[in-house]
Every structure is written in C-alpha cells, then in structure tokens.
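S.K.: One structure, as structure tokens, below. Some questions next.
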Amino acid sequence: MDMLQAMRTFVRVVECGSFAAAANALDISAAQVSRIVAELENQLQTRLLHRTTRRLRMSEAGERFLERARQILLLTDEAVGEARGAHLTPRGRLRVHCPHGLGLLLMPLVAGYNALCPEVVIELTLSQRNPDPLAEGHDVVITVDQALPDSQLIAVPLGAIFSIACAAPGYLHEKGVPARPDDLHQHRCLRMAYPLYEGDWVFPQAGGDCVIAPQDSFMTNVADAMLVASELGMGIGLLPFYTASLAMEQGRLCRVLADYRLRENALYAIYPSRHYLDAKVRTWIDYLKERLPPIFAAHARVVEDPRYCR
C-alpha cells in the first residue's frame with residue numbers, strides 16, 4: 001500500500017470528522033476512504049479509529065499515529081517543495097572543483113556570487129587533477145578541453161587560456177634575453193610536474209616546430225610556486241598568463257619570446273546533466289560566463305603589453 005497516501009487519508013478523516021467529509025476533501029469516494037483506512041489498520045495491526053453510527057473516535061494508538069503522521073507529511077511536503085523549487089531558487093551546497101591556480105583566480109567571483117546568492121554554500125576543491133563529476137559528486141568541474149572526459153557530461157565554454165615564457169629581470173641581465181625559441185637551449189628552463197604543463201615546450205615555426213625540453217633542476221606541480229621560482233631568478237618558467245600578469249606589471253618578471261603563446265586551451269565548466277538543472281548550478285555557470293572573460297581579457301592585455309616584454 002501507499003503509506004504516505006494512507007497517512008494523508010487518515011489525517012484528513014480525523015480533521016474532517018467523517019469518512020464522507022474526508023472523501024469530499026480528497027475528491028474520492030467514501031468507500032475508497034474507508035478501504036484505505038481499513039488497509040492502514042491492517043498493515044499496522046492496530047485499531048486507529050473507533051467507528052459508531054454517529055461519530056468517529058480515535059484510539060490511543062490512533063492519537064499517537066496522528067501526531068507522527070502529521071510530522072512525516074509536513075517533512076515530506078517540505079522535501080518535495082524544496083526539490084521542485086531547486087531549479088528555481090539557488091540554495092544548498094554547490095560542490096566546485098578547479099585546478100589550483102584557476103581556483104585562486106576565481107576567489108573574487110566566489111565572493112561575488114556568494115553575495116548574490118547567500119543561500120548557496122560553495123565548497124571549492126582545488127587540486128592538480130581532473131575528477132569525474134559523476135564518480136566524485138562534484139556539481140561543477142572547471143577544466144580544459146584536453147581533459148574533458150568521454151561521457152555524457154555537459155561542457156560550457158568559459159574562455160581560452162594560454163601560457164607564456166617569463167623570467168626575472170636579474171636573470172635576463174645575467175644570462176641574456178632569448179631572441180628566438182632555439183636560444184632556450186642555452187637557458188635554464190624550469191619544469192612543471194603537472195598534467196597540463198608536463199612535457200616539452202613546443203614553439204610552432206614555419207620550418208618545423210622548435211621543441212625545448214625543460215631541465216630537471218627544479219620541478220613543481222603548482223603554478224604559483226613556479227611563479228616564485230621564476231621571480232627568484234632560478235630560470236625561465238612557463239606560466240599561465242593570468243598567473244604571470246601581476247608580477248610583470250610590478251616589474252618582478254619579464255615576458256620573453258612574446259610572439260608565442262604556448263599550451264592554448266579552451267576552458268570549460270562541466271556538469272552531469274542538463275535535465276532539471278539545479279538553480280545553483282545554472283546561476284553559478286551563468287555568473288562565470290559573464291564575469292570570467294573580462295578577467296581573462298584584462299590579464300591578457302597586461303601580458304601582451306610591450307612595456308613588460310623583452
């Protein structure tokens with residue numbers, strides 16, 4: 001039997017005072033109401049209502065059951081209302097995964113979104129891997145195109161990212177400024193031990209790509225650590241443009257080989273399903289689509305500025 005329907009019918013019988021009145025309120029027949037209550041009593045193996053020709057009277061068990069049934073129905077109605085409204089009103093916990101460096105860039109957007117949607121709690125996880133949202137329970141994963149899983153996940157483009165070669169002014173004064181990619185063979189090139197930045201540096205050229213293999217004298221898996229290593233004159237680092245821009249503006253780094261953008265990738269927000277999309281997911285992605293491209297554009301203007309390049 002449908003226990004929730006039976007509870008609702010029993011409560012309505014008590015509130016209306018008769019089977020006929022309850023049947024009218026529920027828009028079913030009095031015989032159906034009587035049958036549902038009888039089946040409920042049979043299921044519970046106890047008498048809930050004492051019936052006479054003139055009135056109904058609850059048993060002690062019926063009084064206890066009425067109290068519990070009302071609580072359960074209230075909680076059920078609230079749960080259904082919340083679930084039905086989830087696609088309308090942003091609320092609840094929003095689990096977001098993002099690469100470490102991008103996560104730091106997103107923090108002002110997290111704060112801005114939180115101000116707009118205070119009922120949403122953002123749980124931001126930063127790591128150097130690309131998880132499966134379905135397997136790990138993330139609502140939104142921000143990642144690059146080369147890391148998109150082969151699945152039914154929905155991918156929303158957020159912009160494009162790229163990396164640039166940078167070094168400290170002191171390093172360039174001592175070691176010289178590379179004029180072309182081949183010159184990097186004479187320089188100390190720092191290695192990122194991170195899937196998005198591992199491997200050789202490939203500079204496209206008309207006569208064939210110039211491939212530079214960074215040395216193993218220093219390795220890190222976090223772009224911010226590579227930023228500091230480059231600032232300290234440890235060598236030439238390949239950095240995400242949004243990581244390098246402030247240091248360039250402040251004179252702590254210079255961009256070299258400014259004609260080249262390496263590791264250009266499209267950035268995506270991916271989520272499990274477009275059906276009945278939760279309002280917090282929809283509004284967060286819409287917020288990123290609106291606010292992130294101007295941030296990228298501002299960083300790109302800095303790194304393309306000839307004043308900060310050598």
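Following the order of the structure tokens, first chain is A, next is B, and so on, with residues numbered from 1 inside each chain and ligands from 1 in the order they appear.
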For the contact check between segment 188-259 of chain A and segment 163-180 of chain A, emit one row per residue of segment 188-259 of chain A within 12 Å, containing the shortest atom pair and the distance in Å rounded to one decimal, counting only C-alpha atoms, chain then rising number order, as JSON lines.

M.R.:
{"residue": "A:Arg188", "atom": "CA", "partner": "A:Lys175", "partner_atom": "CA", "distance": 9.3}
{"residue": "A:Cys189", "atom": "CA", "partner": "A:Ala165", "partner_atom": "CA", "distance": 9.2}
{"residue": "A:Leu190", "atom": "CA", "partner": "A:Ala165", "partner_atom": "CA", "distance": 10.0}
{"residue": "A:Arg191", "atom": "CA", "partner": "A:Ala165", "partner_atom": "CA", "distance": 11.7}
{"residue": "A:Met192", "atom": "CA", "partner": "A:Ser163", "partner_atom": "CA", "distance": 11.8}
{"residue": "A:Leu196", "atom": "CA", "partner": "A:Ser163", "partner_atom": "CA", "distance": 10.4}
{"residue": "A:Tyr197", "atom": "CA", "partner": "A:Ser163", "partner_atom": "CA", "distance": 9.0}
{"residue": "A:Trp201", "atom": "CA", "partner": "A:Ala165", "partner_atom": "CA", "distance": 9.7}
{"residue": "A:Val202", "atom": "CA", "partner": "A:Ser163", "partner_atom": "CA", "distance": 11.5}
{"residue": "A:Phe203", "atom": "CA", "partner": "A:Arg180", "partner_atom": "CA", "distance": 9.6}
{"residue": "A:Pro204", "atom": "CA", "partner": "A:Arg180", "partner_atom": "CA", "distance": 11.5}
{"residue": "A:Gln205", "atom": "CA", "partner": "A:Arg180", "partner_atom": "CA", "distance": 10.4}
{"residue": "A:Cys210", "atom": "CA", "partner": "A:Arg180", "partner_atom": "CA", "distance": 9.6}
{"residue": "A:Val211", "atom": "CA", "partner": "A:Arg180", "partner_atom": "CA", "distance": 11.9}
{"residue": "A:Ile212", "atom": "CA", "partner": "A:Arg180", "partner_atom": "CA", "distance": 11.6}
{"residue": "A:Pro214", "atom": "CA", "partner": "A:Ala165", "partner_atom": "CA", "distance": 11.8}
{"residue": "A:Ala223", "atom": "CA", "partner": "A:Ser163", "partner_atom": "CA", "distance": 10.5}
{"residue": "A:Met226", "atom": "CA", "partner": "A:Cys166", "partner_atom": "CA", "distance": 10.2}
{"residue": "A:Leu227", "atom": "CA", "partner": "A:Cys166", "partner_atom": "CA", "distance": 8.8}
{"residue": "A:Val228", "atom": "CA", "partner": "A:Ala168", "partner_atom": "CA", "distance": 9.8}
{"residue": "A:Ala229", "atom": "CA", "partner": "A:Ala167", "partner_atom": "CA", "distance": 9.1}
{"residue": "A:Ser230", "atom": "CA", "partner": "A:Ala167", "partner_atom": "CA", "distance": 5.4}
{"residue": "A:Glu231", "atom": "CA", "partner": "A:Ala168", "partner_atom": "CA", "distance": 5.0}
{"residue": "A:Leu232", "atom": "CA", "partner": "A:Ala168", "partner_atom": "CA", "distance": 6.8}
{"residue": "A:Gly233", "atom": "CA", "partner": "A:Tyr171", "partner_atom": "CA", "distance": 5.0}
{"residue": "A:Met234", "atom": "CA", "partner": "A:Tyr171", "partner_atom": "CA", "distance": 7.6}
{"residue": "A:Gly235", "atom": "CA", "partner": "A:Ala167", "partner_atom": "CA", "distance": 6.3}
{"residue": "A:Ile236", "atom": "CA", "partner": "A:Ala167", "partner_atom": "CA", "distance": 4.7}
{"residue": "A:Gly237", "atom": "CA", "partner": "A:Cys166", "partner_atom": "CA", "distance": 5.4}
{"residue": "A:Leu238", "atom": "CA", "partner": "A:Ala165", "partner_atom": "CA", "distance": 4.5}
{"residue": "A:Leu239", "atom": "CA", "partner": "A:Ser163", "partner_atom": "CA", "distance": 5.1}
{"residue": "A:Pro240", "atom": "CA", "partner": "A:Ser163", "partner_atom": "CA", "distance": 4.2}
{"residue": "A:Phe241", "atom": "CA", "partner": "A:Ser163", "partner_atom": "CA", "distance": 5.3}
{"residue": "A:Tyr242", "atom": "CA", "partner": "A:Ser163", "partner_atom": "CA", "distance": 8.6}
{"residue": "A:Thr243", "atom": "CA", "partner": "A:Ser163", "partner_atom": "CA", "distance": 9.1}
{"residue": "A:Ala244", "atom": "CA", "partner": "A:Cys166", "partner_atom": "CA", "distance": 7.7}
{"residue": "A:Ser245", "atom": "CA", "partner": "A:Ile164", "partner_atom": "CA", "distance": 10.0}
{"residue": "A:Ala247", "atom": "CA", "partner": "A:Ala168", "partner_atom": "CA", "distance": 9.4}
{"residue": "A:Met248", "atom": "CA", "partner": "A:Cys166", "partner_atom": "CA", "distance": 8.6}
{"residue": "A:Gln250", "atom": "CA", "partner": "A:Ala168", "partner_atom": "CA", "distance": 11.3}
{"residue": "A:Gly251", "atom": "CA", "partner": "A:Pro169", "partner_atom": "CA", "distance": 7.8}
{"residue": "A:Arg252", "atom": "CA", "partner": "A:Ala168", "partner_atom": "CA", "distance": 6.0}
{"residue": "A:Leu253", "atom": "CA", "partner": "A:Ala168", "partner_atom": "CA", "distance": 4.5}
{"residue": "A:Cys254", "atom": "CA", "partner": "A:Cys166", "partner_atom": "CA", "distance": 5.5}
{"residue": "A:Arg255", "atom": "CA", "partner": "A:Cys166", "partner_atom": "CA", "distance": 4.4}
{"residue": "A:Val256", "atom": "CA", "partner": "A:Ala165", "partner_atom": "CA", "distance": 5.6}
{"residue": "A:Leu257", "atom": "CA", "partner": "A:Arg180", "partner_atom": "CA", "distance": 6.5}
{"residue": "A:Ala258", "atom": "CA", "partner": "A:Ile164", "partner_atom": "CA", "distance": 7.5}
{"residue": "A:Asp259", "atom": "CA", "partner": "A:Ile164", "partner_atom": "CA", "distance": 9.5}

S.K.: Excluding Gly112 of chain A and residues on its chain fewer than 3 positions from it, collect all residues at most 12 Å away from it, counting only C-alpha atoms, and give them as a PyMOL selection string.

M.R.: chain A and resi 106-109+115-118+120+122+284+287-288+291-292

S.K.: Pick out the residues sitting within 10 Å of Ala297 of chain A, and hand them over as a ChimeraX atom specification; count only C-alpha atoms, and ignore anything fewer than 4 positions along from it in its own chain.

M.R.: /A:159-160,242,292-293,301-302

S.K.: How about saving the chosen residues, N, CA and C atoms kept, as a short mmCIF file (atom, residue, chain, number, x, y, z; two decimals), in the first residue's frame?

M.R.:
data_model
loop_
_atom_site.label_atom_id
_atom_site.label_comp_id
_atom_site.auth_asym_id
_atom_site.auth_seq_id
_atom_site.Cartn_x
_atom_site.Cartn_y
_atom_site.Cartn_z
N GLY A 159 36.01 30.43 -21.93
CA GLY A 159 37.09 31.27 -22.45
C GLY A 159 38.28 30.43 -22.85
N ALA A 160 39.39 31.09 -23.11
CA ALA A 160 40.62 30.40 -23.52
C ALA A 160 41.76 30.82 -22.61
N TYR A 242 47.47 34.40 -16.64
CA TYR A 242 46.82 35.08 -15.52
C TYR A 242 47.64 34.98 -14.24
N LEU A 292 34.01 35.88 -16.03
CA LEU A 292 35.37 35.37 -16.25
C LEU A 292 36.04 35.92 -17.51
N PRO A 293 35.36 35.99 -18.66
CA PRO A 293 36.03 36.52 -19.87
C PRO A 293 36.63 37.91 -19.69
N ARG A 301 45.72 41.66 -21.66
CA ARG A 301 46.21 42.98 -22.06
C ARG A 301 47.56 43.29 -21.42
N VAL A 302 47.71 42.86 -20.17
CA VAL A 302 48.98 43.11 -19.47
C VAL A 302 50.11 42.32 -20.11
#

S.K.: From a DSSP pass on the backbone, collect the residues of segment 32-265 of chain A flagged as alpha helix (DSSP H) and hand them back as a count of residues only.

M.R.: 85

S.K.: Could you tell me how far atom CA of Tyr194 of chain A lies from atom CA of Arg129 of chain A, in Å and to one decimal?

M.R.: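 Result for atom CA of Tyr194 of chain A versus atom CA of Arg129 of chain A: 8.3 Å, one decimal.
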
S.K.: DSSP on the backbone, then: every residue of segment 32-132 of chain A marked strand (DSSP E), written as a VMD selection string.

M.R.: chain A and resid 49 to 51 56 to 58 92 to 99 120 to 127

S.K.: Could you tell me how far atom CA of Leu262 of chain A lies from atom CA of Glu304 of chain A, in Å and to one decimal?

M.R.: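 Calculated distance between atom CA of Leu262 of chain A and atom CA of Glu304 of chain A is 13.6 Å.
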
S.K.: Which residues are close to Arg64 of chain A, i.e. within 12 Å by only C-alpha atoms, leaving aside same-chain residues fewer than 3 positions away? Reply as an mmCIF file with C-alpha atoms, in the first residue's frame.

M.R.:
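Saved to selection_0.cif:
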data_model
loop_
_atom_site.group_PDB
_atom_site.id
_atom_site.type_symbol
_atom_site.label_atom_id
_atom_site.label_comp_id
_atom_site.auth_asym_id
_atom_site.auth_seq_id
_atom_site.Cartn_x
_atom_site.Cartn_y
_atom_site.Cartn_z
ATOM 1 C CA VAL A 11 -5.218 12.636 8.876
ATOM 2 C CA THR A 46 -3.938 -1.996 15.402
ATOM 3 C CA ARG A 47 -7.183 -0.054 15.590
ATOM 4 C CA LEU A 48 -6.771 3.639 14.825
ATOM 5 C CA LEU A 49 -10.424 4.694 14.763
ATOM 6 C CA MET A 58 -9.513 7.830 17.790
ATOM 7 C CA SER A 59 -7.911 5.090 19.810
ATOM 8 C CA GLU A 60 -4.820 5.803 21.896
ATOM 9 C CA ALA A 61 -2.724 4.264 19.115
ATOM 10 C CA GLU A 67 0.955 13.087 15.639
ATOM 11 C CA ARG A 68 3.688 11.159 13.834
ATOM 12 C CA ALA A 69 1.806 11.132 10.535
ATOM 13 C CA ARG A 70 1.418 14.906 10.604
ATOM 14 C CA GLN A 71 5.159 15.324 11.225
#

S.K.: Quick check, in Å to one decimal: how far apart do atom CA of Ile285 of chain A and atom CA of Leu94 of chain A lie?

M.R.: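 These atoms are spaced 11.3 Å apart.
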
S.K.: Excluding Val140 of chain A and residues on its chain fewer than 5 positions from it, collect all residues at most 6 Å away from it, counting only C-alpha atoms, and give them as a list of chain:residue names.

M.R.: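 Returned residues: A:Val96, A:Ile270, A:Tyr271.
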
S.K.: With a distance cut-off of 9 Å and only C-alpha atoms, select the neighbouring residues of Met7 of chain A, excluding the residue or stretch itself and same-chain residues fewer than 2 positions from it, and output the selection as an MDAnalysis selection string.

M.R.: chainID A and resid 2:5 9:12 37 40 65:66 69:70 72:73

S.K.: Go through A:Asp183, A:Asp278, A:Glu249, A:Glu264 one by one, measure the shortest atom-to-atom distance of each to Arg307 of chain A using only C-alpha atoms, and give the residue with the smallest value.

M.R.: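 Closest candidate: A:Glu249.
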